[in-house]
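Have a look at the structure below before the remarks.
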Amino acid sequence: MSQAQVVVIGGGIAGLAAAAFLSGAAGGAARARVTLLEASDRFGGKLSGGEVGGVRVDLGAESMLARRPEAVELARAVGLGDALEPPTTAKAAIWTRGALRPLPGGQVMGVPGDLAALAASGVLSAEGLERARHEGATEVTDDVAIGRYVADRLGREVVDRLVEPLLGGVYAGHADEISLRAAVPQLLEIARGGGSLVEGVHELATRPRIVGTPVFQGLRGGIGTLPGAVAEACARAGVELRTRTAVDGLRRIPGGWRVVTADGEALDVDAVVLAVPAPAAARLLRPDAPGAAAELAAVEYAGMALVTLAFRRADLPEPPTGSGFLVPPVDGRRIKASTFSSNKWGWLERSAPDAFLLRTSLGRLREEQPLELADEELVARSLSDLGEAIGLTARPYDTAVTRWRSGLPQYPVGHLDRVARIRTAVGRAGALAVCGAAYDGVGIPACIASARAAVAALDEVLTPTTGENVTERTMGA
């Protein structure tokens, strides 16, 4: 009996998770001999950490959804269970209509489930609140843009001042284009039921399994520590881990695939997991799966910049309170959000009690000019908006700007149908699977779930056989 040889292309969290599931690094039996190829000089993709002002912080994603199990389970499987730590505070605000206003409780992705809390927040004008109290009737049978649906039901102001900034924090996109079915499927179920949207959201937000459990989890030292822990577990399980190894070609051969690296090395393997962004996947799949390549080439991406600012607490007469704030695009500000990291994460406050770190984000789909500005200008814009929003006058003693170009795939109406077509076409190519943020969700748990689904799609290839496999024929395994 022999194990299949699998190459995983792409070392973000989806590729790492696929390698872990294949090799047994995340628990269970090893399914294959695995080689993981990453083009950059590190693993982790948008999960990245670094030092700002002598303090270790996240420079990419900083938390993972805890109400889905995949990310927490993987963290525990690779030895980070004791490092899991929820946010210290989840008290967020909306900077709108000239003031910081509390994010209303009882909402789901900005869609209100408690009109009293909405009124008390002051986020909506009197006219906007009155419109929200009189729900419109909209029939939904399949998919629809979440912004247009909510505007029809509750009014444009709910979309502009609540849904848009919350969705923007996840996708850096536009609510009038993002698929309800793909982004917030639980709301589609409510919409199809035909009853009150507000009442449906209230029921969803107050379910016993949700109330009292943390929405998000972090890791002491930052979410940026997760890729390293998964990579180490993979190495212990025998995975060959290779950075600075770009893949230039992927071609079907009898019994498997030939993976050709940028330096001309050819790896003949039984199966491949593609865990790269859609444009890279499209390029590699064009020769043998042109239908999937065409669909992947049509996936749009948004870019954004993160500005991390380190202050001395002694320079802040009154440190900001809460976890941060969101900014509706309709208000015309330059930043779209700010996170008060030292308030949000207890581990960060404990590690640097004399410092206060916060970060801002700028840029979204088709509004990515900020990414082309100099670091100093992005810092200046952030400080200007922070001064107006929270009265911040101190100057940071250190700063860092992180640009995520083409970082967030967009999920327009019909996205899940596109994903189904991609997977059908990929499946026809044989012994090939795809995973990552471009498919089933941009969050960490969704990426990990897509990796598990990719491994499951290779079940037939991964089943040990007594016969000779392609790697034994071509690599002398």
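Going through the structure tokens in order, the chains are called A, B, and so on, while each chain numbers its residues from 1 and the ligands are numbered from 1 in the order shown.
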All helix (DSSP H, G or I) residues (DSSP, backbone) inside range 195-231 of chain A, as a list of chain:residue names
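Filtering range 195-231 of chain A down to helix (DSSP H, G or I) leaves A:Leu197, A:Val198, A:Glu199, A:Gly200, A:Val201, A:His202, A:Glu203, A:Leu204, A:Ala205, A:Thr225, A:Leu226, A:Pro227, A:Gly228, A:Ala229, A:Val230, A:Ala231.
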I'd like the contact shell of Thr402 in chain A - 10 Å cut-off, only C-alpha atoms, skipping same-chain residues fewer than 6 positions apart - returned as a PyMOL selection string.
chain A and resi 48+59-60+304-308+361+371+375
With only C-alpha atoms counted and 10 Å as the cut-off, give the residues of range 346-425 of chain A in contact with range 273-284 of chain A, each with its shortest interatomic distance in Å and the pair that gives it, as CSV.
residue,atom,partner,partner_atom,distance
A:Ser406,CA,A:Pro277,CA,9.0
A:Gly407,CA,A:Pro277,CA,8.8
A:Leu408,CA,A:Pro277,CA,9.3
A:Pro409,CA,A:Ala278,CA,8.2
What does the structure give for the distance between CA of Gln107 in chain A and CA of His202 in chain A, in Å to one decimal?
7.5 Å
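For Val184 in chain A, the residues within 9 Å (counting only C-alpha atoms, excluding itself and residues fewer than 3 positions away along the chain) are Val108, Met109, Ile146, Ser179, Leu180, Arg181, Leu187 and Leu188 of chain A.
Note that the spacing between CA of Val144 in chain A and CA of Tyr411 in chain A amounts to 11.4 Å.
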Please report the interatomic distance between CA of Arg418 in chain A and CA of Glu300 in chain A in Å with one decimal.
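Computing the Euclidean distance for CA of Arg418 in chain A and CA of Glu300 in chain A yields 12.5 Å.
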Just the strand (DSSP E) stuff from range 170-274 of chain A, please, per backbone DSSP, written as a PDB file with C-alpha atoms, in the first residue's frame.
ATOM      1  CA  PHE A 216     -14.720  36.411  18.246  1.00  0.00           C
ATOM      2  CA  GLN A 217     -11.529  34.917  19.584  1.00  0.00           C
ATOM      3  CA  GLY A 218      -7.989  36.192  19.452  1.00  0.00           C
ATOM      4  CA  LEU A 219      -4.646  34.664  20.333  1.00  0.00           C
ATOM      5  CA  GLU A 240       7.895  19.501   3.103  1.00  0.00           C
ATOM      6  CA  LEU A 241       7.496  23.259   3.574  1.00  0.00           C
ATOM      7  CA  ARG A 242       8.953  25.531   0.908  1.00  0.00           C
ATOM      8  CA  VAL A 247       4.612  27.951  -9.393  1.00  0.00           C
ATOM      9  CA  ASP A 248       4.685  28.855 -13.075  1.00  0.00           C
ATOM     10  CA  GLY A 249       2.845  25.905 -14.569  1.00  0.00           C
ATOM     11  CA  LEU A 250       0.332  23.179 -13.808  1.00  0.00           C
ATOM     12  CA  ARG A 251      -0.444  20.475 -16.363  1.00  0.00           C
ATOM     13  CA  ARG A 252      -2.378  17.221 -16.337  1.00  0.00           C
ATOM     14  CA  ILE A 253      -0.271  14.115 -16.922  1.00  0.00           C
ATOM     15  CA  GLY A 256      -1.703  12.958 -11.875  1.00  0.00           C
ATOM     16  CA  TRP A 257      -0.307  16.472 -12.321  1.00  0.00           C
ATOM     17  CA  ARG A 258       2.992  18.112 -13.174  1.00  0.00           C
ATOM     18  CA  VAL A 259       3.770  21.199 -11.088  1.00  0.00           C
ATOM     19  CA  VAL A 260       6.494  23.403 -12.568  1.00  0.00           C
ATOM     20  CA  THR A 261       8.165  25.979 -10.324  1.00  0.00           C
ATOM     21  CA  ALA A 266       9.058  19.745 -12.194  1.00  0.00           C
ATOM     22  CA  LEU A 267       7.147  17.836  -9.529  1.00  0.00           C
ATOM     23  CA  ASP A 268       4.977  14.969 -10.744  1.00  0.00           C
ATOM     24  CA  VAL A 269       2.315  14.232  -8.138  1.00  0.00           C
ATOM     25  CA  ALA A 271      -3.071  15.376  -6.710  1.00  0.00           C
ATOM     26  CA  VAL A 272      -2.962  19.137  -6.259  1.00  0.00           C
ATOM     27  CA  VAL A 273      -4.716  21.541  -3.912  1.00  0.00           C
ATOM     28  CA  LEU A 274      -4.801  25.091  -5.259  1.00  0.00           C
TER      29      LEU A 274
END
With distances taken over only C-alpha atoms, which of A:Arg333, A:Lys344, A:His174, A:Arg381 is nearest to Ala302 in chain A?
A:His174
Cut-off 10 Å: closest range 188-293 of chain A/range 134-143 of chain A atom pairs per residue, using only C-alpha atoms, as JSON lines:
{"residue": "A:Leu188", "atom": "CA", "partner": "A:Asp143", "partner_atom": "CA", "distance": 7.8}
{"residue": "A:Glu189", "atom": "CA", "partner": "A:Val140", "partner_atom": "CA", "distance": 9.5}
{"residue": "A:Ile190", "atom": "CA", "partner": "A:Val140", "partner_atom": "CA", "distance": 9.6}
{"residue": "A:Ala191", "atom": "CA", "partner": "A:Val140", "partner_atom": "CA", "distance": 6.1}
{"residue": "A:Arg192", "atom": "CA", "partner": "A:Val140", "partner_atom": "CA", "distance": 5.6}
{"residue": "A:Gly193", "atom": "CA", "partner": "A:Val140", "partner_atom": "CA", "distance": 8.9}
{"residue": "A:Gly194", "atom": "CA", "partner": "A:Glu139", "partner_atom": "CA", "distance": 7.1}
{"residue": "A:Gly195", "atom": "CA", "partner": "A:Ala137", "partner_atom": "CA", "distance": 9.0}
{"residue": "A:Ser196", "atom": "CA", "partner": "A:Glu135", "partner_atom": "CA", "distance": 7.4}
{"residue": "A:Leu197", "atom": "CA", "partner": "A:Glu135", "partner_atom": "CA", "distance": 7.8}
{"residue": "A:Val198", "atom": "CA", "partner": "A:Glu135", "partner_atom": "CA", "distance": 8.4}
Selected residue, from A:Val159, A:Leu166, A:Gly391, A:Val413, that lies nearest to Ala337 in chain A when counting only C-alpha atoms:
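Counting only C-alpha atoms, the residue closest to Ala337 in chain A is A:Leu166.
Nearest to Leu357 in chain A of all the residues A:Ala117, A:Leu432, A:Val55, A:Leu462 is A:Val55, based on only C-alpha atoms.
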Using only C-alpha atoms: which of A:Gly110, A:Ala246, A:Gly155, A:Ala66 has the shortest distance to Ala205 in chain A
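Answer, going by the shortest atom-to-atom distance: A:Gly110.
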